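Here's final_36.tsv, which has TSV, C-alpha atoms:
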chain	number	residue	atom	x	y	z
S	1	MET	CA	-30.46	-11.74	-6.88
S	2	LYS	CA	-27.61	-9.54	-5.64
S	3	TYR	CA	-25.08	-12.39	-5.66
S	4	ALA	CA	-26.82	-14.71	-8.11
S	5	CYS	CA	-23.69	-14.90	-10.22
S	6	LEU	CA	-21.46	-16.12	-7.43
S	7	ALA	CA	-22.05	-19.87	-7.82
S	8	LEU	CA	-21.06	-19.62	-11.48
S	9	CYS	CA	-18.03	-17.55	-10.53
S	10	ALA	CA	-16.92	-20.18	-8.03
S	11	ALA	CA	-17.09	-22.89	-10.67
S	12	MET	CA	-15.15	-20.77	-13.14
S	13	ALA	CA	-12.56	-19.91	-10.49
S	14	ALA	CA	-11.89	-23.53	-9.64
S	15	ALA	CA	-10.43	-24.00	-13.09
S	16	ALA	CA	-8.67	-20.63	-13.25
S	17	ALA	CA	-7.28	-19.71	-9.85
S	18	ASP	CA	-4.73	-22.45	-9.20
S	19	PRO	CA	-2.71	-22.09	-12.46
S	20	ALA	CA	-2.31	-18.36	-11.79
S	21	ALA	CA	-0.96	-18.69	-8.24
S	22	PRO	CA	-0.18	-22.26	-7.19
S	23	THR	CA	2.24	-20.84	-4.61
S	24	PRO	CA	2.25	-17.46	-2.84
S	25	PRO	CA	3.37	-14.79	-5.32
S	26	MET	CA	6.84	-13.37	-4.71
S	27	GLY	CA	7.77	-10.01	-6.18
S	28	TRP	CA	8.35	-6.28	-5.90
S	29	ASN	CA	5.72	-3.53	-5.68
S	30	SER	CA	6.50	0.16	-6.15
S	31	TRP	CA	4.20	1.50	-3.40
S	32	ASP	CA	6.43	1.56	-0.30
S	33	SER	CA	9.22	3.37	-2.15
S	34	TYR	CA	7.51	5.49	-4.79
S	35	GLY	CA	3.86	5.88	-3.84
S	36	THR	CA	1.87	7.19	-6.80
S	37	SER	CA	4.84	8.52	-8.74
S	38	VAL	CA	7.05	5.63	-9.92
S	39	THR	CA	8.57	6.00	-13.38
S	40	GLU	CA	9.44	3.56	-16.15
S	41	ALA	CA	13.15	3.94	-15.44
S	42	GLU	CA	12.66	3.08	-11.77
S	43	VAL	CA	10.55	0.04	-12.59
S	44	LYS	CA	13.19	-1.18	-15.05
S	45	ALA	CA	15.95	-0.71	-12.49
S	46	ASN	CA	14.09	-2.81	-9.93
S	47	ALA	CA	13.30	-5.45	-12.54
S	48	ALA	CA	16.96	-5.66	-13.55
S	49	TYR	CA	18.00	-6.22	-9.92
S	50	MET	CA	15.36	-8.91	-9.51
S	51	ALA	CA	16.45	-10.70	-12.66
S	52	ALA	CA	20.12	-10.58	-11.67
S	53	LYS	CA	19.91	-11.44	-7.97
S	54	LEU	CA	16.48	-12.70	-6.93
S	55	LYS	CA	14.91	-14.62	-9.80
S	56	VAL	CA	16.94	-17.73	-9.01
S	57	HIS	CA	15.36	-17.68	-5.52
S	58	GLY	CA	11.78	-17.58	-6.86
S	59	TRP	CA	11.07	-13.85	-7.04
S	60	GLN	CA	9.27	-12.97	-10.27
S	61	TYR	CA	6.57	-10.27	-10.15
S	62	VAL	CA	7.28	-6.60	-10.87
S	63	VAL	CA	4.18	-4.56	-9.95
S	64	VAL	CA	3.45	-0.90	-10.71
S	65	ASP	CA	1.18	0.47	-8.01
S	66	ILE	CA	-1.52	3.17	-8.02
S	67	GLN	CA	-2.08	6.18	-10.32
S	68	TRP	CA	0.26	5.24	-13.13
S	69	SER	CA	-2.15	7.24	-15.32
S	70	ASP	CA	-1.49	10.53	-13.52
S	71	PRO	CA	1.09	12.66	-15.34
S	72	LEU	CA	1.43	14.96	-12.31
S	73	ALA	CA	1.52	12.36	-9.52
S	74	LYS	CA	3.15	13.59	-6.30
S	75	PRO	CA	4.57	12.10	-3.09
S	76	HIS	CA	2.60	11.86	0.15
S	77	GLY	CA	-0.84	11.05	-1.18
S	78	TYR	CA	-3.19	11.37	-4.13
S	79	ARG	CA	-4.01	14.37	-6.28
S	80	PRO	CA	-7.77	14.95	-6.01
S	81	ASN	CA	-9.65	15.06	-9.30
S	82	ALA	CA	-6.50	14.15	-11.23
S	83	GLU	CA	-6.72	14.31	-15.02
S	84	LEU	CA	-5.76	10.71	-15.62
S	85	ALA	CA	-4.66	9.56	-19.05
S	86	MET	CA	-7.24	7.34	-20.77
S	87	ASP	CA	-8.26	6.13	-24.19
S	88	GLU	CA	-11.39	6.93	-26.18
S	89	ASN	CA	-13.29	4.16	-24.35
S	90	GLY	CA	-12.59	5.42	-20.85
S	91	ARG	CA	-9.84	2.89	-20.12
S	92	LEU	CA	-6.86	4.22	-18.19
S	93	ILE	CA	-3.50	4.16	-19.94
S	94	PRO	CA	-0.05	4.93	-18.53
S	95	ALA	CA	0.98	8.60	-18.39
S	96	ALA	CA	3.30	9.12	-21.34
S	97	ASN	CA	5.69	11.40	-19.47
S	98	ARG	CA	6.30	8.72	-16.81
S	99	PHE	CA	6.09	5.61	-19.02
S	100	PRO	CA	7.21	6.78	-22.47
S	101	SER	CA	7.46	3.25	-23.84
S	102	GLY	CA	3.95	2.27	-22.69
S	103	PHE	CA	3.03	-0.83	-20.72
S	104	LYS	CA	3.20	-3.28	-23.62
S	105	ALA	CA	6.86	-2.50	-24.20
S	106	LEU	CA	7.57	-2.41	-20.47
S	107	ALA	CA	5.92	-5.79	-20.00
S	108	ASP	CA	7.89	-7.19	-22.95
S	109	SER	CA	11.17	-6.03	-21.41
S	110	ILE	CA	10.25	-7.60	-18.05
S	111	HIS	CA	9.16	-10.85	-19.69
S	112	ALA	CA	12.43	-10.97	-21.63
S	113	GLN	CA	14.24	-11.19	-18.28
S	114	GLY	CA	12.14	-14.18	-17.22
S	115	LEU	CA	9.94	-12.10	-14.90
S	116	LYS	CA	6.24	-11.20	-14.77
S	117	PHE	CA	4.52	-7.81	-14.94
S	118	GLY	CA	1.74	-6.47	-12.74
S	119	ILE	CA	-0.31	-3.31	-12.30
S	120	HIS	CA	-2.56	-1.74	-9.69
S	121	ILE	CA	-6.11	-0.69	-10.60
S	122	MET	CA	-8.98	0.92	-8.76
S	123	ARG	CA	-12.47	-0.57	-8.70
S	124	GLY	CA	-14.87	0.94	-11.21
S	125	ILE	CA	-14.74	3.43	-14.08
S	126	PRO	CA	-12.91	6.78	-14.26
S	127	ARG	CA	-15.02	9.77	-13.26
S	128	ARG	CA	-13.61	11.64	-16.25
S	129	ALA	CA	-14.97	8.92	-18.54
S	130	VAL	CA	-18.41	9.32	-16.96
S	131	ALA	CA	-18.31	13.10	-17.25
S	132	ALA	CA	-17.51	12.77	-20.97
S	133	ASN	CA	-19.98	9.85	-21.30
S	134	LEU	CA	-17.49	7.89	-23.37
S	135	PRO	CA	-18.55	4.71	-25.20
S	136	VAL	CA	-17.72	1.36	-23.61
S	137	PHE	CA	-15.51	-0.73	-25.85
S	138	GLY	CA	-17.40	-3.64	-27.44
S	139	SER	CA	-20.76	-2.50	-26.03
S	140	LYS	CA	-23.80	-0.39	-26.81
S	141	ALA	CA	-23.51	1.18	-23.37
S	142	ARG	CA	-21.80	4.41	-22.47
S	143	ALA	CA	-19.95	5.28	-19.29
S	144	ALA	CA	-22.83	7.22	-17.72
S	145	ASP	CA	-25.17	4.26	-18.29
S	146	ILE	CA	-23.20	1.93	-16.05
S	147	ALA	CA	-21.61	4.18	-13.44
S	148	ASP	CA	-22.89	4.18	-9.87
S	149	THR	CA	-22.02	7.76	-8.94
S	150	GLY	CA	-23.01	7.12	-5.35
S	151	SER	CA	-20.37	4.40	-5.01
S	152	THR	CA	-17.06	6.12	-4.41
S	153	CYS	CA	-13.77	5.42	-2.69
S	154	ARG	CA	-13.27	7.06	0.70
S	155	TRP	CA	-9.66	8.00	0.05
S	156	ASN	CA	-9.32	8.51	-3.71
S	157	THR	CA	-11.35	10.54	-6.21
S	158	ASP	CA	-10.40	8.77	-9.45
S	159	MET	CA	-13.34	6.41	-9.97
S	160	TYR	CA	-17.03	5.69	-9.64
S	161	GLY	CA	-18.21	2.19	-8.90
S	162	ILE	CA	-20.06	0.23	-11.56
S	163	ASP	CA	-23.68	-0.83	-11.18
S	164	MET	CA	-23.47	-4.46	-12.24
S	165	SER	CA	-27.23	-4.65	-12.80
S	166	LYS	CA	-26.94	-2.31	-15.79
S	167	PRO	CA	-26.54	-3.55	-19.37
S	168	GLY	CA	-22.95	-3.01	-20.43
S	169	ALA	CA	-21.51	-3.14	-16.91
S	170	GLN	CA	-19.72	-6.44	-17.48
S	171	ASP	CA	-18.62	-5.16	-20.88
S	172	TYR	CA	-16.54	-2.45	-19.23
S	173	TYR	CA	-14.65	-4.91	-17.02
S	174	ASP	CA	-14.22	-7.18	-20.04
S	175	SER	CA	-12.82	-4.24	-22.00
S	176	ILE	CA	-10.15	-3.29	-19.48
S	177	LEU	CA	-9.03	-6.89	-19.07
S	178	LYS	CA	-8.81	-7.27	-22.83
S	179	LEU	CA	-6.52	-4.23	-22.83
S	180	TYR	CA	-4.39	-5.47	-19.93
S	181	ALA	CA	-4.05	-8.96	-21.39
S	182	GLY	CA	-2.93	-7.36	-24.64
S	183	TRP	CA	-0.24	-5.48	-22.75
S	184	GLY	CA	0.97	-8.75	-21.23
S	185	VAL	CA	-0.16	-8.13	-17.66
S	186	ASP	CA	0.33	-11.14	-15.37
S	187	TYR	CA	-0.86	-9.69	-12.05
S	188	ILE	CA	-3.58	-7.23	-11.06
S	189	LYS	CA	-3.90	-5.62	-7.64
S	190	CYS	CA	-7.42	-4.20	-7.47
S	191	ASP	CA	-8.06	-1.61	-4.75
S	192	ASP	CA	-11.18	-0.27	-3.01
S	193	ILE	CA	-12.85	-3.61	-3.53
S	194	ALA	CA	-12.17	-6.01	-0.63
S	195	GLN	CA	-13.01	-3.65	2.25
S	196	PRO	CA	-15.62	-2.22	1.98
S	197	PHE	CA	-16.78	-5.39	0.26
S	198	HIS	CA	-17.93	-5.02	-3.37
S	199	GLY	CA	-18.77	-8.61	-4.23
S	200	GLU	CA	-20.49	-8.00	-7.54
S	201	GLU	CA	-17.53	-6.08	-8.92
S	202	ILE	CA	-15.04	-8.68	-7.62
S	203	ALA	CA	-17.04	-11.34	-9.46
S	204	ALA	CA	-17.20	-9.19	-12.60
S	205	LEU	CA	-13.47	-8.66	-12.56
S	206	HIS	CA	-12.89	-12.37	-12.12
S	207	ARG	CA	-15.21	-13.21	-15.03
S	208	ALA	CA	-13.33	-10.74	-17.21
S	209	ILE	CA	-9.99	-12.34	-16.32
S	210	VAL	CA	-11.28	-15.80	-17.18
S	211	LYS	CA	-12.49	-14.55	-20.56
S	212	THR	CA	-9.00	-13.39	-21.51
S	213	GLY	CA	-7.68	-16.94	-21.31
S	214	ARG	CA	-4.56	-15.53	-19.65
S	215	PRO	CA	-3.54	-16.77	-16.16
S	216	ILE	CA	-3.63	-13.34	-14.50
S	217	VAL	CA	-3.21	-13.29	-10.71
S	218	LEU	CA	-5.90	-11.23	-8.96
S	219	SER	CA	-5.08	-9.53	-5.67
S	220	LEU	CA	-7.80	-7.75	-3.67
S	221	SER	CA	-7.21	-4.68	-1.47
S	222	PRO	CA	-7.47	-3.08	0.99
S	223	GLY	CA	-8.00	-5.06	4.18
S	224	PRO	CA	-8.95	-6.28	6.58
S	225	ALA	CA	-10.86	-8.89	4.59
S	226	ASP	CA	-13.91	-10.48	6.21
S	227	LEU	CA	-13.20	-14.02	7.39
S	228	ALA	CA	-16.85	-14.93	6.81
S	229	LYS	CA	-16.35	-14.24	3.09
S	230	ALA	CA	-13.28	-16.45	2.75
S	231	ASP	CA	-14.94	-18.89	0.35
S	232	PHE	CA	-16.05	-16.05	-1.90
S	233	TYR	CA	-12.57	-14.52	-2.01
S	234	ALA	CA	-11.03	-17.89	-2.83
S	235	ALA	CA	-13.56	-18.51	-5.61
S	236	ASN	CA	-12.92	-15.17	-7.29
S	237	ALA	CA	-9.35	-14.10	-6.50
S	238	ASN	CA	-5.89	-15.46	-5.75
S	239	LEU	CA	-4.98	-13.28	-2.77
S	240	TRP	CA	-6.75	-10.81	-0.52
S	241	ARG	CA	-5.52	-8.41	2.08
S	242	ILE	CA	-6.18	-9.46	5.67
S	243	SER	CA	-4.81	-6.26	7.22
S	244	GLY	CA	-4.91	-2.53	6.77
S	245	ASP	CA	-1.84	-0.90	5.23
S	246	PHE	CA	1.27	-2.45	6.80
S	247	TRP	CA	4.24	-0.19	7.48
S	248	ASP	CA	7.58	-0.42	9.27
S	249	LEU	CA	6.21	-0.29	12.82
S	250	TRP	CA	6.42	-3.01	15.45
S	251	ARG	CA	2.76	-2.57	16.40
S	252	ASP	CA	1.77	-3.47	12.83
S	253	LEU	CA	4.00	-6.54	12.88
S	254	ARG	CA	2.76	-7.66	16.29
S	255	ARG	CA	-0.85	-7.40	15.11
S	256	SER	CA	-0.03	-9.58	12.10
S	257	PHE	CA	0.60	-12.62	14.30
S	258	ASP	CA	-3.06	-12.69	15.31
S	259	LEU	CA	-4.35	-12.02	11.80
S	260	LEU	CA	-2.26	-14.75	10.21
S	261	GLU	CA	-3.24	-17.24	12.89
S	262	LYS	CA	-6.92	-16.54	12.26
S	263	TRP	CA	-6.59	-17.08	8.51
S	264	SER	CA	-4.10	-19.98	8.56
S	265	PRO	CA	-6.70	-22.80	8.25
S	266	LEU	CA	-7.88	-21.26	4.96
S	267	VAL	CA	-4.55	-21.12	3.15
S	268	LYS	CA	-4.54	-23.25	-0.01
S	269	PRO	CA	-3.04	-23.27	-3.51
S	270	GLY	CA	-4.54	-20.48	-5.58
S	271	GLY	CA	-5.99	-18.69	-2.53
S	272	TRP	CA	-3.60	-16.77	-0.28
S	273	PRO	CA	-4.56	-14.55	2.68
S	274	ASP	CA	-2.24	-11.57	2.24
S	275	ALA	CA	-0.61	-9.85	5.23
S	276	ASP	CA	0.58	-7.03	2.93
S	277	MET	CA	3.91	-5.86	1.62
S	278	LEU	CA	7.40	-6.06	3.11
S	279	PRO	CA	8.52	-2.49	3.98
S	280	LEU	CA	12.20	-3.42	4.10
S	281	GLY	CA	15.38	-1.89	2.77
S	282	ARG	CA	15.19	1.69	1.49
S	283	ILE	CA	11.60	2.94	1.46
S	284	GLY	CA	9.74	6.26	1.49
S	285	ILE	CA	11.66	7.73	-1.45
S	286	ARG	CA	8.45	9.37	-2.74
S	287	ALA	CA	5.95	7.40	-0.71
S	288	GLU	CA	2.54	8.13	0.75
S	289	ARG	CA	3.83	7.72	4.30
S	290	GLY	CA	7.13	9.06	5.62
S	291	ASN	CA	10.23	10.29	3.89
S	292	ASP	CA	13.25	8.66	2.27
S	293	ARG	CA	14.60	6.27	4.91
S	294	PRO	CA	15.89	2.82	5.69
S	295	THR	CA	13.17	0.67	7.22
S	296	ARG	CA	12.46	1.49	10.85
S	297	PHE	CA	12.38	-2.21	11.71
S	298	THR	CA	15.45	-3.40	13.62
S	299	ARG	CA	17.41	-6.26	12.09
S	300	ASP	CA	15.75	-8.66	14.54
S	301	GLU	CA	12.32	-7.35	13.54
S	302	GLN	CA	13.17	-7.65	9.84
S	303	ARG	CA	14.04	-11.30	10.24
S	304	THR	CA	10.88	-11.80	12.33
S	305	LEU	CA	8.84	-10.30	9.50
S	306	ILE	CA	10.37	-12.66	6.94
S	307	ASN	CA	10.04	-15.69	9.23
S	308	LEU	CA	6.37	-14.99	9.98
S	309	TRP	CA	5.34	-14.25	6.38
S	310	CYS	CA	7.20	-17.36	5.19
S	311	ILE	CA	5.93	-19.84	7.79
S	312	ALA	CA	2.34	-18.55	7.41
S	313	ARG	CA	2.61	-18.58	3.58
S	314	SER	CA	1.62	-14.97	3.00
S	315	PRO	CA	2.46	-13.55	-0.43
S	316	LEU	CA	5.89	-11.88	-0.44
S	317	MET	CA	5.87	-8.44	-2.07
S	318	PHE	CA	9.03	-6.49	-1.30
S	319	GLY	CA	8.46	-2.74	-1.00
S	320	GLY	CA	11.97	-1.34	-0.80
S	321	ASP	CA	13.98	0.01	-3.71
S	322	LEU	CA	15.85	-3.11	-4.78
S	323	PRO	CA	18.94	-1.42	-6.27
S	324	SER	CA	19.48	0.28	-2.89
S	325	ASN	CA	19.66	-3.01	-0.97
S	326	ASP	CA	22.58	-3.63	1.35
S	327	ALA	CA	23.98	-7.10	2.00
S	328	PHE	CA	21.76	-7.73	5.02
S	329	THR	CA	18.56	-6.82	3.16
S	330	GLU	CA	19.58	-9.01	0.25
S	331	SER	CA	20.21	-11.89	2.67
S	332	LEU	CA	16.59	-11.67	3.84
S	333	LEU	CA	15.40	-12.35	0.28
S	334	THR	CA	17.78	-15.11	-0.74
S	335	ASN	CA	17.65	-17.73	2.02
S	336	ASP	CA	16.26	-20.63	0.04
S	337	GLU	CA	15.66	-22.82	3.10
S	338	VAL	CA	13.50	-20.14	4.73
S	339	LEU	CA	11.72	-19.32	1.47
S	340	ALA	CA	10.88	-23.02	1.11
S	341	ALA	CA	8.46	-22.65	4.03
S	342	ASN	CA	6.58	-20.04	2.02
S	343	GLN	CA	6.60	-21.85	-1.30
S	344	LYS	CA	6.39	-25.51	-0.26
S	345	GLY	CA	4.94	-25.62	3.25
S	346	THR	CA	1.75	-27.45	4.20
S	347	ASP	CA	-0.39	-27.45	7.32
S	348	ALA	CA	1.21	-24.22	8.57
S	349	ARG	CA	-0.21	-23.14	11.92
S	350	LYS	CA	0.59	-21.70	15.30
S	351	LEU	CA	1.76	-24.60	17.42
S	352	SER	CA	1.94	-22.93	20.81
S	353	GLN	CA	2.18	-19.72	22.77
S	354	GLU	CA	3.47	-19.33	26.30
S	355	GLY	CA	3.45	-15.70	27.27
S	356	ASP	CA	5.57	-13.87	24.70
S	357	ALA	CA	7.02	-17.07	23.22
S	358	VAL	CA	5.23	-18.04	20.01
S	359	VAL	CA	5.97	-21.13	17.92
S	360	TRP	CA	4.65	-21.85	14.43
S	361	THR	CA	5.14	-25.09	12.55
S	362	SER	CA	4.86	-26.32	8.97
S	363	LYS	CA	5.66	-29.42	6.94
S	364	VAL	CA	8.15	-28.74	4.15
S	365	GLY	CA	8.85	-31.79	2.06
S	366	GLY	CA	10.12	-34.43	4.47
S	367	ALA	CA	11.05	-31.90	7.14
S	368	MET	CA	9.20	-30.26	10.01
S	369	TYR	CA	9.81	-26.53	10.26
S	370	TYR	CA	9.56	-24.52	13.46
S	371	ALA	CA	9.53	-20.72	13.58
S	372	VAL	CA	10.16	-19.46	17.11
S	373	PHE	CA	9.33	-15.85	18.05
S	374	ASN	CA	9.83	-13.61	21.07
S	375	VAL	CA	7.11	-10.96	20.74
S	376	GLY	CA	7.88	-9.47	24.18
S	377	GLU	CA	10.04	-6.63	25.40
S	378	GLN	CA	12.58	-8.72	27.32
S	379	ALA	CA	15.08	-11.34	26.17
S	380	ARG	CA	13.71	-14.84	26.57
S	381	GLU	CA	14.98	-18.41	26.58
S	382	ILE	CA	12.61	-20.68	24.66
S	383	ALA	CA	12.57	-24.46	24.70
S	384	LEU	CA	12.92	-26.09	21.30
S	385	PRO	CA	11.23	-29.28	20.11
S	386	ALA	CA	13.16	-32.41	21.03
S	387	GLY	CA	16.04	-33.59	18.85
S	388	ALA	CA	18.63	-32.01	16.59
S	389	LEU	CA	17.41	-29.00	14.61
S	390	ARG	CA	19.04	-27.05	11.80
S	391	ASN	CA	19.02	-23.28	12.37
S	392	LEU	CA	18.14	-22.03	8.89
S	393	TRP	CA	19.65	-18.57	9.38
S	394	GLU	CA	22.79	-19.51	11.30
S	395	LYS	CA	23.31	-22.69	9.23
S	396	LYS	CA	24.18	-24.86	12.20
S	397	THR	CA	22.69	-27.72	14.22
S	398	VAL	CA	21.28	-26.92	17.65
S	399	SER	CA	19.16	-28.53	20.35
S	400	GLY	CA	17.65	-27.71	23.72
S	401	THR	CA	16.83	-24.02	23.94
S	402	VAL	CA	17.29	-20.76	22.05
S	403	THR	CA	17.66	-17.32	23.61
S	404	LEU	CA	15.95	-14.57	21.65
S	405	ALA	CA	16.22	-10.81	22.07
S	406	PRO	CA	13.02	-8.74	22.18
S	407	HIS	CA	11.11	-8.97	18.87
S	408	ALA	CA	13.60	-11.55	17.56
S	409	SER	CA	12.99	-14.96	16.03
S	410	ALA	CA	14.63	-18.02	14.55
S	411	MET	CA	13.61	-20.74	12.11
S	412	PHE	CA	14.57	-24.40	12.45
S	413	ALA	CA	14.10	-27.60	10.47
S	414	ALA	CA	14.03	-31.18	11.74
S	415	GLY	CA	14.57	-34.08	9.38
S	416	ARG	CA	16.59	-32.27	6.72
Let me see the file written as structure tokens.
Amino acid sequence: MKYACLALCAAMAAAAADPAAPTPPMGWNSWDSYGTSVTEAEVKANAAYMAAKLKVHGWQYVVVDIQWSDPLAKPHGYRPNAELAMDENGRLIPAANRFPSGFKALADSIHAQGLKFGIHIMRGIPRRAVAANLPVFGSKARAADIADTGSTCRWNTDMYGIDMSKPGAQDYYDSILKLYAGWGVDYIKCDDIAQPFHGEEIAALHRAIVKTGRPIVLSLSPGPADLAKADFYAANANLWRISGDFWDLWRDLRRSFDLLEKWSPLVKPGGWPDADMLPLGRIGIRAERGNDRPTRFTRDEQRTLINLWCIARSPLMFGGDLPSNDAFTESLLTNDEVLAANQKGTDARKLSQEGDAVVWTSKVGGAMYYAVFNVGEQAREIALPAGALRNLWEKKTVSGTVTLAPHASAMFAAGR
């Protein structure tokens, strides 16, 4: 009976998933720049930049990542046993010193700019709520009745898992989604739930979202997700991480080629294998990993990252501090022809690989797109498909071959 609910969840998801994420979500997430410690002012500054410069190109989500309930959050990791802010029903609320307006007002201000608001949550129920045995909103159960104190996160001490066999367990997930929907949340990134796999709690979270009647995007972390569970993820969520945490290192980017190829046959509207965030621009300001820095990716590697995520139709979540962007970083986010591969492509797949030369293809409207990559350590001349092609970065027509530096790439369209 462990997954007896899953068939019902799949049926419910079929009606709910596609409206929430018909195309890969595009947005900003605070994690790569601010770790656990982002403030309301910083979120508003990034939202204002997005509204002014990126919204017209399809960017829309503004996501506050982990531990927004911790009034004493710090860079470079998590505070163990943090005294997180919560209400009388054990539901986490934003720390007042960091988000003085609260999330309802913050969401309203983001919505007023034509954008959407998202938050990160951890699987389960706060340990502080269990210790106090707080009542579950809308239920006869109390926190200690439903908590599975043996189910904990390996890298964070905030929560206990929930035993979904207990009366009142679903009520708790329903209660937090009722709260989030009331705030105006459009996107939820739930952590410690995809790997290790916690299917019953994924299904419970999905049921709670459906009950709100609000088209909330559900993102599952961390990765790598299990390919064998692809149908389950797609039935209960909109995107799921297929990698571990992705940072500004070539080895991480090189590994992503293989991961995205493996998942590419399963990409479909409403269900997006997620290669993780884009650590571009200025990152590490108060992050978990590294110090305040420009991305360590070279310019060639940055363009390769964008080309690969776009042709493979991974969600696009920018991690840098948007107001700090230079002209080159902004150019990566505003090339509408390249972004069209991400938002409008079909049948995206790896077409060929000869040594270090990798070619992906996708159909975009009436055009065929080709993303050409040199993943090796030496410059390489690569033959292009026959005919005239438009170079979508250089904005010119080419044919024959292209010479790419190590780790460099190009994207072309035929028939435009």
Find the residues around Asn29 (chain S) up to 7 Å (all atoms listed in the file counted), leave out those fewer than 4 positions away in its own chain, and share them as a compact mmCIF listing (two decimals) with C-alpha atoms, keeping the file's coordinate frame.
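Dumped everything to out_4.txt:
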# COMPACT_ATOMS: atom_id res chain seq x y z
CA VAL S 62 7.28 -6.60 -10.87
CA VAL S 63 4.18 -4.56 -9.95
CA VAL S 64 3.45 -0.90 -10.71
CA ASP S 65 1.18 0.47 -8.01
CA MET S 317 5.87 -8.44 -2.07
CA PHE S 318 9.03 -6.49 -1.30
CA GLY S 319 8.46 -2.74 -1.00
May I have the centre and edge lengths, in Å to one decimal, of an axis-aligned box around the listed atoms of region 322-327 of chain S with 3 Å added to every side, as AutoDock Vina command-line options?
--center_x 19.9 --center_y -3.4 --center_z -2.1 --size_x 14.1 --size_y 13.4 --size_z 14.3
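The two atoms in question, CA of Leu260 (chain S) and CA of Val375 (chain S), are spaced 14.6 Å apart.
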**Item:** Polymer residues at most 7 Å from Phe103 (chain S), all atoms listed in the file, same-chain spacing of 3 or more positions, as number ranges by chain
**Value:** S: 94, 106-107, 183
What are the closest atom pairs, with distances in Å to one decimal, for all residues of region 211-326 of chain S lying within 9 Å of region 331-345 of chain S? Consider all atoms listed in the file, order rows by chain and residue number, and present the result as a tab-separated table.
residue	atom	partner	partner_atom	distance
S:Gln302	CA	S:Leu332	CA	8.0
S:Arg303	CA	S:Leu332	CA	6.9
S:Ile306	CA	S:Leu332	CA	7.0
S:Asn307	CA	S:Val338	CA	7.2
S:Trp309	CA	S:Asn342	CA	7.4
S:Cys310	CA	S:Asn342	CA	4.2
S:Ile311	CA	S:Ala341	CA	5.3
S:Ala312	CA	S:Asn342	CA	7.0
S:Arg313	CA	S:Asn342	CA	4.5
S:Ser314	CA	S:Asn342	CA	7.2
S:Pro315	CA	S:Asn342	CA	8.1
S:Leu316	CA	S:Asn342	CA	8.6
S:Phe318	CA	S:Leu333	CA	8.8
S:Asp326	CA	S:Ser331	CA	8.7
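Using only C-alpha atoms, the nearest neighbour of Val267 (chain S) within the list S:Arg349, S:His111, S:Arg127, S:Arg286 is S:Arg349.
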**Request:** Please provide the set of residues having any atom within 10 Å of Leu92 (chain S), restricted to only C-alpha atoms, with same-chain residues fewer than 2 positions apart removed, written as a ChimeraX atom specification.
**Result:** /S:67-70,84-90,94-95,121,125-126,129,176,179
